[in-house]
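Containing TSV, C-alpha atoms and all ligand atoms: start_16.tsv.
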```tsv
chain	number	residue	atom	x	y	z
A	1	MET	CA	10.04	-5.87	-3.30
A	2	LEU	CA	9.79	-9.49	-2.21
A	3	LEU	CA	8.59	-10.67	-5.65
A	4	GLU	CA	9.27	-8.82	-8.85
A	5	VAL	CA	8.00	-10.31	-12.11
A	6	ALA	CA	9.02	-8.44	-15.26
A	7	GLY	CA	7.71	-9.04	-18.78
A	8	LEU	CA	6.76	-12.64	-18.08
A	9	ASP	CA	5.75	-14.60	-21.13
A	10	LEU	CA	4.43	-18.15	-21.38
A	11	ARG	CA	3.37	-20.05	-24.47
A	12	TYR	CA	1.97	-23.54	-24.78
A	13	GLY	CA	2.67	-24.22	-28.44
A	14	ALA	CA	0.37	-21.89	-30.33
A	15	THR	CA	-1.42	-20.69	-27.18
A	16	HIS	CA	0.04	-17.46	-25.81
A	17	ALA	CA	-1.19	-17.84	-22.21
A	18	VAL	CA	0.81	-15.05	-20.50
A	19	LYS	CA	1.81	-11.95	-22.45
A	20	GLY	CA	4.55	-9.82	-20.95
A	21	VAL	CA	3.09	-9.56	-17.46
A	22	SER	CA	4.89	-7.47	-14.82
A	23	LEU	CA	3.82	-7.45	-11.19
A	24	THR	CA	5.24	-7.00	-7.71
A	25	VAL	CA	4.47	-8.17	-4.21
A	26	GLY	CA	6.01	-6.26	-1.34
A	27	GLU	CA	7.06	-7.73	1.99
A	28	GLY	CA	3.90	-8.24	4.09
A	29	GLU	CA	1.46	-7.45	1.28
A	30	ILE	CA	-1.60	-9.28	-0.02
A	31	VAL	CA	-1.82	-8.77	-3.78
A	32	THR	CA	-4.56	-10.25	-5.93
A	33	VAL	CA	-4.67	-11.26	-9.59
A	34	LEU	CA	-8.16	-11.20	-11.07
A	35	GLY	CA	-9.54	-12.23	-14.43
A	36	ALA	CA	-12.07	-14.42	-16.20
A	37	ASN	CA	-11.67	-18.12	-16.96
A	38	GLY	CA	-8.73	-18.71	-19.25
A	39	ALA	CA	-7.20	-15.26	-18.64
A	40	GLY	CA	-3.88	-16.90	-17.79
A	41	LYS	CA	-3.95	-16.62	-14.00
A	42	SER	CA	-2.98	-20.22	-13.26
A	43	SER	CA	-0.32	-20.16	-15.95
A	44	LEU	CA	1.18	-17.04	-14.38
A	45	LEU	CA	1.36	-18.64	-10.92
A	46	LYS	CA	2.79	-21.88	-12.32
A	47	ALA	CA	5.54	-19.94	-14.10
A	48	ILE	CA	6.38	-18.06	-10.88
A	49	ALA	CA	6.44	-21.36	-8.95
A	50	GLY	CA	8.68	-23.01	-11.54
A	51	ALA	CA	6.08	-25.57	-12.63
A	52	GLU	CA	6.02	-24.13	-16.16
A	53	LYS	CA	9.01	-22.69	-17.99
A	54	PRO	CA	8.42	-19.12	-19.12
A	55	THR	CA	9.23	-18.23	-22.72
A	56	GLY	CA	10.39	-14.76	-21.68
A	57	GLY	CA	10.81	-12.34	-18.80
A	58	THR	CA	12.42	-12.51	-15.39
A	59	ILE	CA	11.40	-13.38	-11.85
A	60	GLN	CA	13.20	-11.89	-8.85
A	61	PHE	CA	12.44	-13.22	-5.39
A	62	ASN	CA	13.87	-11.97	-2.14
A	63	GLY	CA	16.67	-10.13	-3.91
A	64	ARG	CA	17.80	-12.81	-6.33
A	65	ASP	CA	16.98	-13.81	-9.89
A	66	ILE	CA	15.15	-17.14	-9.69
A	67	THR	CA	14.05	-17.33	-13.35
A	68	GLY	CA	16.20	-20.40	-13.98
A	69	ARG	CA	15.79	-22.10	-10.60
A	70	GLY	CA	13.92	-25.40	-10.22
A	71	ALA	CA	10.55	-25.62	-8.51
A	72	SER	CA	11.81	-27.30	-5.33
A	73	GLN	CA	14.64	-24.76	-5.02
A	74	ARG	CA	12.02	-22.03	-5.10
A	75	VAL	CA	10.15	-23.78	-2.28
A	76	ARG	CA	13.42	-23.78	-0.33
A	77	ASP	CA	13.76	-20.07	-1.10
A	78	GLY	CA	10.36	-19.53	0.57
A	79	LEU	CA	8.07	-19.36	-2.45
A	80	VAL	CA	5.15	-21.83	-2.35
A	81	LEU	CA	2.05	-22.44	-4.46
A	82	VAL	CA	-1.27	-23.76	-3.17
A	83	PRO	CA	-2.51	-25.12	-6.49
A	84	GLU	CA	-5.95	-24.85	-8.01
A	85	GLY	CA	-8.10	-27.81	-6.99
A	86	ARG	CA	-5.98	-28.29	-3.82
A	87	GLN	CA	-4.21	-31.43	-5.17
A	88	ILE	CA	-4.77	-33.44	-2.02
A	89	PHE	CA	-3.91	-37.16	-2.21
A	90	VAL	CA	-7.20	-38.65	-1.03
A	91	SER	CA	-5.87	-42.15	-0.38
A	92	LEU	CA	-3.14	-40.84	1.92
A	93	SER	CA	-3.83	-39.78	5.50
A	94	VAL	CA	-4.33	-36.16	6.48
A	95	GLU	CA	-0.98	-36.25	8.27
A	96	GLU	CA	0.84	-37.78	5.30
A	97	ASN	CA	-0.58	-35.07	3.04
A	98	LEU	CA	0.51	-32.40	5.49
A	99	LEU	CA	4.05	-33.74	5.81
A	100	MET	CA	4.48	-33.66	2.03
A	101	GLY	CA	4.73	-29.90	2.42
A	102	ALA	CA	8.03	-30.42	4.24
A	103	TYR	CA	9.71	-32.34	1.43
A	104	THR	CA	12.46	-29.75	1.20
A	105	ARG	CA	13.17	-29.91	4.95
A	106	SER	CA	14.25	-32.45	7.53
A	107	GLY	CA	14.79	-32.72	11.27
A	108	ALA	CA	12.79	-32.34	14.46
A	109	GLU	CA	11.54	-28.89	13.55
A	110	VAL	CA	9.24	-30.40	10.92
A	111	ALA	CA	7.35	-32.45	13.52
A	112	ARG	CA	7.06	-29.38	15.74
A	113	ASP	CA	5.73	-27.26	12.88
A	114	ALA	CA	3.24	-30.01	11.96
A	115	GLU	CA	1.91	-29.94	15.53
A	116	GLU	CA	1.52	-26.17	15.29
A	117	ILE	CA	-0.50	-26.59	12.11
A	118	PHE	CA	-2.69	-29.21	13.77
A	119	ASP	CA	-3.22	-26.75	16.65
A	120	ARG	CA	-4.34	-24.15	14.16
A	121	PHE	CA	-6.73	-26.54	12.39
A	122	PRO	CA	-8.50	-28.74	14.99
A	123	ASN	CA	-10.68	-30.34	12.26
A	124	LEU	CA	-7.53	-31.69	10.66
A	125	GLU	CA	-6.06	-32.83	13.95
A	126	ALA	CA	-9.21	-34.81	14.74
A	127	ARG	CA	-8.75	-36.77	11.50
A	128	ARG	CA	-5.00	-36.81	11.22
A	129	HIS	CA	-4.80	-40.58	10.67
A	130	ALA	CA	-7.89	-40.82	8.46
A	131	PRO	CA	-7.66	-40.79	4.67
A	132	ALA	CA	-7.92	-37.24	3.34
A	133	SER	CA	-11.00	-38.35	1.37
A	134	VAL	CA	-13.07	-37.96	4.57
A	135	LEU	CA	-12.44	-34.20	4.64
A	136	SER	CA	-14.94	-31.68	3.31
A	137	GLY	CA	-13.92	-29.36	0.48
A	138	GLY	CA	-13.19	-26.59	2.98
A	139	GLU	CA	-11.10	-28.87	5.16
A	140	GLN	CA	-9.15	-30.05	2.13
A	141	GLN	CA	-8.41	-26.41	1.30
A	142	MET	CA	-7.19	-25.86	4.88
A	143	LEU	CA	-5.01	-28.96	4.48
A	144	ALA	CA	-3.57	-27.57	1.24
A	145	VAL	CA	-2.76	-24.30	3.05
A	146	GLY	CA	-1.31	-26.20	6.04
A	147	ARG	CA	0.85	-28.28	3.70
A	148	ALA	CA	2.18	-25.10	2.10
A	149	LEU	CA	2.88	-23.58	5.54
A	150	LEU	CA	5.02	-26.58	6.40
A	151	ALA	CA	7.57	-25.31	3.87
A	152	ARG	CA	7.93	-22.18	6.05
A	153	PRO	CA	7.19	-19.81	3.16
A	154	LYS	CA	7.84	-16.09	2.89
A	155	LEU	CA	5.35	-15.79	0.04
A	156	MET	CA	2.32	-18.02	-0.44
A	157	MET	CA	0.60	-18.05	-3.83
A	158	LEU	CA	-3.00	-19.30	-3.74
A	159	ASP	CA	-4.77	-20.34	-6.95
A	160	GLU	CA	-8.54	-19.89	-6.62
A	161	PRO	CA	-8.76	-21.20	-3.07
A	162	SER	CA	-12.48	-20.37	-2.74
A	163	LEU	CA	-13.53	-22.45	-5.75
A	164	GLY	CA	-16.43	-24.78	-4.92
A	165	LEU	CA	-16.69	-23.77	-1.26
A	166	SER	CA	-19.86	-22.61	0.50
A	167	PRO	CA	-20.11	-18.92	1.52
A	168	ILE	CA	-19.48	-19.65	5.21
A	169	VAL	CA	-16.38	-21.68	4.41
A	170	VAL	CA	-15.18	-18.98	2.00
A	171	ASP	CA	-15.48	-16.47	4.88
A	172	GLN	CA	-13.38	-18.74	7.09
A	173	LEU	CA	-10.79	-19.12	4.36
A	174	PHE	CA	-10.46	-15.37	3.86
A	175	ASP	CA	-10.20	-14.91	7.65
A	176	LEU	CA	-7.33	-17.40	7.57
A	177	ILE	CA	-5.63	-15.54	4.70
A	178	ALA	CA	-5.89	-12.26	6.65
A	179	GLU	CA	-4.59	-13.93	9.83
A	180	LEU	CA	-1.59	-15.50	8.09
A	181	ASN	CA	-0.81	-12.13	6.54
A	182	ALA	CA	-1.05	-10.41	9.94
A	183	GLN	CA	1.53	-12.92	11.16
A	184	GLY	CA	3.95	-11.79	8.46
A	185	LEU	CA	3.22	-13.98	5.45
A	186	SER	CA	3.12	-12.23	2.07
A	187	ILE	CA	0.38	-13.46	-0.25
A	188	LEU	CA	-0.31	-13.50	-3.99
A	189	LEU	CA	-3.94	-14.48	-4.42
A	190	VAL	CA	-5.58	-15.54	-7.68
A	191	GLU	CA	-9.34	-15.41	-7.39
A	192	GLN	CA	-12.55	-15.33	-9.35
A	193	ASN	CA	-14.34	-14.16	-6.22
A	194	THR	CA	-13.53	-10.54	-7.02
A	195	GLN	CA	-15.36	-8.98	-4.11
A	196	MET	CA	-13.71	-11.08	-1.40
A	197	ALA	CA	-10.29	-10.78	-3.03
A	198	LEU	CA	-10.47	-6.98	-3.18
A	199	GLU	CA	-11.59	-6.87	0.45
A	200	VAL	CA	-8.54	-8.74	1.72
A	201	ALA	CA	-5.89	-7.44	-0.72
A	202	SER	CA	-4.22	-4.05	-0.69
A	203	ARG	CA	-3.49	-4.05	-4.45
A	204	GLY	CA	-4.57	-5.97	-7.50
A	205	TYR	CA	-3.97	-6.73	-11.16
A	206	VAL	CA	-6.53	-7.65	-13.81
A	207	LEU	CA	-5.57	-10.11	-16.54
A	208	GLU	CA	-7.42	-10.39	-19.81
A	209	LEU	CA	-6.43	-12.95	-22.45
A	210	GLY	CA	-2.99	-13.23	-20.89
A	211	ALA	CA	-2.22	-9.51	-20.74
A	212	LEU	CA	-2.48	-6.99	-17.92
A	213	ARG	CA	-5.60	-4.91	-18.41
A	214	ALA	CA	-5.48	-2.89	-15.19
A	215	GLU	CA	-3.67	-2.52	-11.89
A	216	GLY	CA	-4.22	-0.42	-8.82
A	217	THR	CA	-5.13	-0.37	-5.18
A	218	ALA	CA	-8.00	-2.61	-4.16
A	219	GLU	CA	-10.16	0.51	-3.66
A	220	GLU	CA	-9.39	1.79	-7.17
A	221	LEU	CA	-10.19	-1.53	-8.81
A	222	ALA	CA	-13.39	-2.03	-6.79
A	223	ALA	CA	-14.57	1.48	-7.72
A	224	ASP	CA	-14.04	0.92	-11.45
A	225	ALA	CA	-17.51	-0.25	-12.42
A	226	SER	CA	-16.69	-0.74	-16.10
A	227	LEU	CA	-13.75	-2.94	-15.22
A	228	VAL	CA	-15.76	-5.06	-12.85
A	229	GLU	CA	-18.55	-5.45	-15.40
A	230	ALA	CA	-16.40	-6.11	-18.43
A	231	TYR	CA	-13.70	-8.36	-17.03
A	232	LEU	CA	-14.51	-9.60	-13.61
A	233	GLY	CA	-18.20	-10.48	-13.60
A	234	ASN	CA	-20.06	-10.18	-10.34
A	235	ALA	CA	-18.72	-13.29	-8.62
A	301	LIG	P1	-8.98	-20.82	-15.06
A	301	LIG	O1	-9.55	-19.96	-14.04
A	301	LIG	O2	-10.00	-21.45	-15.97
A	301	LIG	O3	-7.97	-21.80	-14.56
A	301	LIG	P2	-6.84	-19.12	-15.86
A	301	LIG	O4	-7.03	-17.65	-15.89
A	301	LIG	O5	-6.12	-19.70	-14.70
A	301	LIG	O6	-8.21	-19.83	-16.06
A	301	LIG	P3	-5.03	-20.60	-17.48
A	301	LIG	O7	-5.46	-21.90	-16.89
A	301	LIG	O8	-3.70	-20.09	-17.11
A	301	LIG	O9	-6.10	-19.49	-17.21
A	301	LIG	O10	-5.13	-20.74	-19.07
A	301	LIG	C1	-4.70	-19.71	-19.97
A	301	LIG	C2	-4.74	-20.25	-21.40
A	301	LIG	O11	-3.75	-21.26	-21.56
A	301	LIG	C3	-6.07	-20.92	-21.77
A	301	LIG	O12	-6.33	-20.63	-23.13
A	301	LIG	C4	-5.79	-22.39	-21.58
A	301	LIG	O13	-6.60	-23.17	-22.42
A	301	LIG	C5	-4.32	-22.49	-21.96
A	301	LIG	N1	-3.60	-23.56	-21.22
A	301	LIG	C6	-3.49	-23.70	-19.89
A	301	LIG	N2	-2.72	-24.76	-19.58
A	301	LIG	C7	-2.34	-25.31	-20.75
A	301	LIG	C8	-1.52	-26.43	-21.10
A	301	LIG	N3	-0.93	-27.19	-20.16
A	301	LIG	N4	-1.36	-26.70	-22.41
A	301	LIG	C9	-1.94	-25.93	-23.38
A	301	LIG	N5	-2.71	-24.86	-23.11
A	301	LIG	C10	-2.91	-24.54	-21.82
```
Please render this file's structure as structure tokens.
Ligand code: ATP
Amino acid sequence: MLLEVAGLDLRYGATHAVKGVSLTVGEGEIVTVLGANGAGKSSLLKAIAGAEKPTGGTIQFNGRDITGRGASQRVRDGLVLVPEGRQIFVSLSVEENLLMGAYTRSGAEVARDAEEIFDRFPNLEARRHAPASVLSGGEQQMLAVGRALLARPKLMMLDEPSLGLSPIVVDQLFDLIAELNAQGLSILLVEQNTQMALEVASRGYVLELGALRAEGTAEELAADASLVEAYLGNA
């Protein structure tokens, strides 16, 4: 397994946000984590990325225990997070935002990779010197993905990338996720858009109040009407 999370626990003071969650992502897989607002999905991803310190459990990535490693070391290891809300710096240019993704790297390869990302996203290339505030929500999400790609990840974690985007843009985003996966990138996708997530993923986990409520193949989860009704809504 590329990522192996075992018994992960995270508390914020009295709030027990993640309760002994175990999950895996295999090389080349798309795995989704579903759940209602406040289920602990973002907390789980932040703990895996090293942005929050877990209060228990272990995280193995690419054959090594990374539980105690710092966030930027994990980026160097090939584990990146595209955070909820994209976290674009709107006063910086599109290019400056993109290059931030390469903060763990240096050298001529970075410039070459940035050009490749601009080739992939012509809308970003057209505005590379403009402030990122001119981008639409969908373009900002593409920029957040491009920035993460600049770290040359093995595994990309995406936290609710479809949030606030129109249906057409959501379709484009999921096409991009499938395309990146076809090119070899492994993906851990947190979504409230259950239907789209289960279409693109091969397996999924359902979180409820911080604990795993269900896991299975995307087909199994999609076919479980009671699960969809009780925990996932019809988003
Ligand atoms: P959403 O989709 O709304 O982001 P989520 O499933 O990602 O929900 P989390 O954001 O991980 O859920 O929140 C899980 C629980 O932890 C919630 O009760 C939330 O209020 C709490 N929580 C999240 N971040 C913090 C924090 N920094 N300090 C204290 N409590 C927090």
Taking all listed atoms of ligand LIG 301 (chain A), build the axis-aligned box, pad each of the six sides by 8 Å, then write its centre and edge lengths in Å to one decimal as JSON.
```
{"center_x": -5.5, "center_y": -22.4, "center_z": -18.7, "size_x": 25.1, "size_y": 25.5, "size_z": 25.3}
```
List all protein, DNA and RNA residues that have any atom at most 10 Å from ligand LIG 301 (chain A), counting only C-alpha atoms and all ligand atoms, and write the list as a ChimeraX atom specification. /A:10-18,33-47,52,84-85,159-160,163,190-192,207-210
What lies within 9 Å of Gly28 in chain A using only C-alpha atoms, ignoring chain neighbours under 5 positions off, as a list in words?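 Neighbouring residues, sequence-local ones excluded: Leu2, Lys154, Leu155, Asn181, Ala182, Gln183, Gly184, Leu185, Ser186 and Ile187 of chain A.
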Hey, which of A:Leu180, A:Val82, A:Ala114, A:Met156 ends up closest to Glu96 in chain A? Count only C-alpha atoms. A:Ala114
Of the residues A:Val200, A:Leu81, A:Val21, A:Ala71, which is the one nearest to Asp9 in chain A, using all atoms listed in the file? A:Val21
Within 9 Å of Ala201 in chain A, counting only C-alpha atoms, which residues qualify if same-chain residues fewer than 6 places away don't, as an MDAnalysis selection string? chainID A and resid 29:32 178 187:189 217:218
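Residue nearest Phe121 in chain A within the list A:Ile59, A:Leu143, A:Leu149, A:Leu92: A:Leu143 [criterion: smallest interatomic distance, all atoms listed in the file].
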Spatial neighbours of Asp171 in chain A, max dist 12 Å, all atoms listed in the file, sep filter under 2 positions, as a PyMOL selection string: chain A and resi 138+161-162+165-169+173-178+193+195-197+199-200
Which of these residues is nearest to Val170 in chain A, using only C-alpha atoms: A:Gly63, A:Ser226, A:Glu139, A:Gly20?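 Under the stated criterion, the closest residue is A:Glu139.
Put simply, CA of Leu99 in chain A is 25.2 Å away from CA of Asn62 in chain A.
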CA of Ser202 in chain A to CA of Ala148 in chain A, straight-line distance in Å: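 Rounded to one decimal, the two atoms are 22.2 Å apart.
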Please compute the CA of Thr58 in chain A-CA of Leu79 in chain A distance, one decimal, in Å. 15.3 Å
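For the residues A:Ala214, A:Ala111, A:Val94, A:Met157, ranking by smallest atom-to-atom distance to Met142 in chain A using all atoms listed in the file places A:Val94 first.
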Tell me which of A:Val25, A:Ala225, A:Ala102, A:Ala6 sits closest to Gly57 in chain A, counting all atoms listed in the file.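 Once distances to Gly57 in chain A are computed over all atoms listed in the file, the minimum belongs to A:Ala6.
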Could you list as JSON, numbers by chain every residue that has an atom within 7 Å of (8.2, -7.8, -1.6), using the file's coordinates and counting only C-alpha atoms? {"A": [1, 2, 3, 24, 25, 26, 27]}
Using only C-alpha atoms, which protein or nucleic acid residues come within 7 Å of Arg147 in chain A? Drop anything in the same chain fewer than 6 positions from it, and give the result as a PyMOL selection string. chain A and resi 97-101
Nearby residues (only C-alpha atoms) at most 12 Å from Arg69 in chain A, same-chain spacing under 5 positions excluded, as a JSON list (two decimals) with C-alpha atoms, in the frame of the given file:
```
[["chain", "number", "residue", "atom", "x", "y", "z"],
["A", 47, "ALA", "CA", 5.54, -19.94, -14.10],
["A", 48, "ILE", "CA", 6.38, -18.06, -10.88],
["A", 49, "ALA", "CA", 6.44, -21.36, -8.95],
["A", 50, "GLY", "CA", 8.68, -23.01, -11.54],
["A", 51, "ALA", "CA", 6.08, -25.57, -12.63],
["A", 52, "GLU", "CA", 6.02, -24.13, -16.16],
["A", 53, "LYS", "CA", 9.01, -22.69, -17.99],
["A", 54, "PRO", "CA", 8.42, -19.12, -19.12],
["A", 58, "THR", "CA", 12.42, -12.51, -15.39],
["A", 59, "ILE", "CA", 11.40, -13.38, -11.85],
["A", 60, "GLN", "CA", 13.20, -11.89, -8.85],
["A", 61, "PHE", "CA", 12.44, -13.22, -5.39],
["A", 64, "ARG", "CA", 17.80, -12.81, -6.33],
["A", 74, "ARG", "CA", 12.02, -22.03, -5.10],
["A", 75, "VAL", "CA", 10.15, -23.78, -2.28],
["A", 76, "ARG", "CA", 13.42, -23.78, -0.33],
["A", 77, "ASP", "CA", 13.76, -20.07, -1.10],
["A", 79, "LEU", "CA", 8.07, -19.36, -2.45]]
```
With the input short on atoms, add N, CA, C and O atoms back to range 72-88 of chain A and write it as a short mmCIF file (atom, residue, chain, number, x, y, z; two decimals), in the frame of the given file.
```
data_model
loop_
_atom_site.label_atom_id
_atom_site.label_comp_id
_atom_site.auth_asym_id
_atom_site.auth_seq_id
_atom_site.Cartn_x
_atom_site.Cartn_y
_atom_site.Cartn_z
N SER A 72 11.58 -26.98 -6.74
CA SER A 72 11.81 -27.30 -5.33
C SER A 72 12.83 -26.33 -4.71
O SER A 72 12.76 -26.04 -3.52
N GLN A 73 13.73 -25.80 -5.55
CA GLN A 73 14.64 -24.76 -5.02
C GLN A 73 13.86 -23.51 -4.62
O GLN A 73 14.16 -22.86 -3.63
N ARG A 74 12.84 -23.22 -5.42
CA ARG A 74 12.02 -22.03 -5.10
C ARG A 74 11.27 -22.25 -3.79
O ARG A 74 11.09 -21.31 -3.00
N VAL A 75 10.82 -23.48 -3.56
CA VAL A 75 10.15 -23.78 -2.28
C VAL A 75 11.14 -23.55 -1.14
O VAL A 75 10.81 -22.92 -0.14
N ARG A 76 12.37 -24.01 -1.35
CA ARG A 76 13.42 -23.78 -0.33
C ARG A 76 13.68 -22.30 -0.12
O ARG A 76 13.97 -21.86 0.99
N ASP A 77 13.56 -21.53 -1.19
CA ASP A 77 13.76 -20.07 -1.10
C ASP A 77 12.62 -19.40 -0.32
O ASP A 77 12.73 -18.23 0.05
N GLY A 78 11.49 -20.11 -0.17
CA GLY A 78 10.36 -19.53 0.57
C GLY A 78 9.19 -19.13 -0.29
O GLY A 78 8.33 -18.34 0.12
N LEU A 79 9.13 -19.70 -1.51
CA LEU A 79 8.07 -19.36 -2.45
C LEU A 79 7.23 -20.62 -2.69
O LEU A 79 7.71 -21.59 -3.27
N VAL A 80 5.98 -20.62 -2.20
CA VAL A 80 5.15 -21.83 -2.35
C VAL A 80 3.84 -21.53 -3.07
O VAL A 80 3.31 -20.42 -2.98
N LEU A 81 3.32 -22.56 -3.73
CA LEU A 81 2.05 -22.44 -4.46
C LEU A 81 1.05 -23.42 -3.85
O LEU A 81 1.34 -24.60 -3.68
N VAL A 82 -0.13 -22.90 -3.51
CA VAL A 82 -1.27 -23.76 -3.17
C VAL A 82 -2.08 -23.88 -4.45
O VAL A 82 -2.73 -22.93 -4.87
N PRO A 83 -2.00 -25.04 -5.12
CA PRO A 83 -2.51 -25.12 -6.49
C PRO A 83 -4.03 -25.12 -6.56
O PRO A 83 -4.72 -25.45 -5.59
N GLU A 84 -4.52 -24.78 -7.76
CA GLU A 84 -5.95 -24.85 -8.01
C GLU A 84 -6.42 -26.29 -7.83
O GLU A 84 -5.73 -27.22 -8.21
N GLY A 85 -7.57 -26.46 -7.19
CA GLY A 85 -8.10 -27.81 -6.99
C GLY A 85 -7.44 -28.54 -5.83
O GLY A 85 -7.66 -29.72 -5.63
N ARG A 86 -6.59 -27.83 -5.08
CA ARG A 86 -5.98 -28.29 -3.82
C ARG A 86 -4.95 -29.41 -3.97
O ARG A 86 -4.02 -29.51 -3.23
N GLN A 87 -5.18 -30.35 -4.93
CA GLN A 87 -4.21 -31.43 -5.17
C GLN A 87 -3.87 -32.21 -3.89
O GLN A 87 -2.71 -32.45 -3.57
N ILE A 88 -4.92 -32.58 -3.19
CA ILE A 88 -4.77 -33.44 -2.02
C ILE A 88 -4.76 -34.90 -2.51
O ILE A 88 -5.46 -35.25 -3.45
#
```
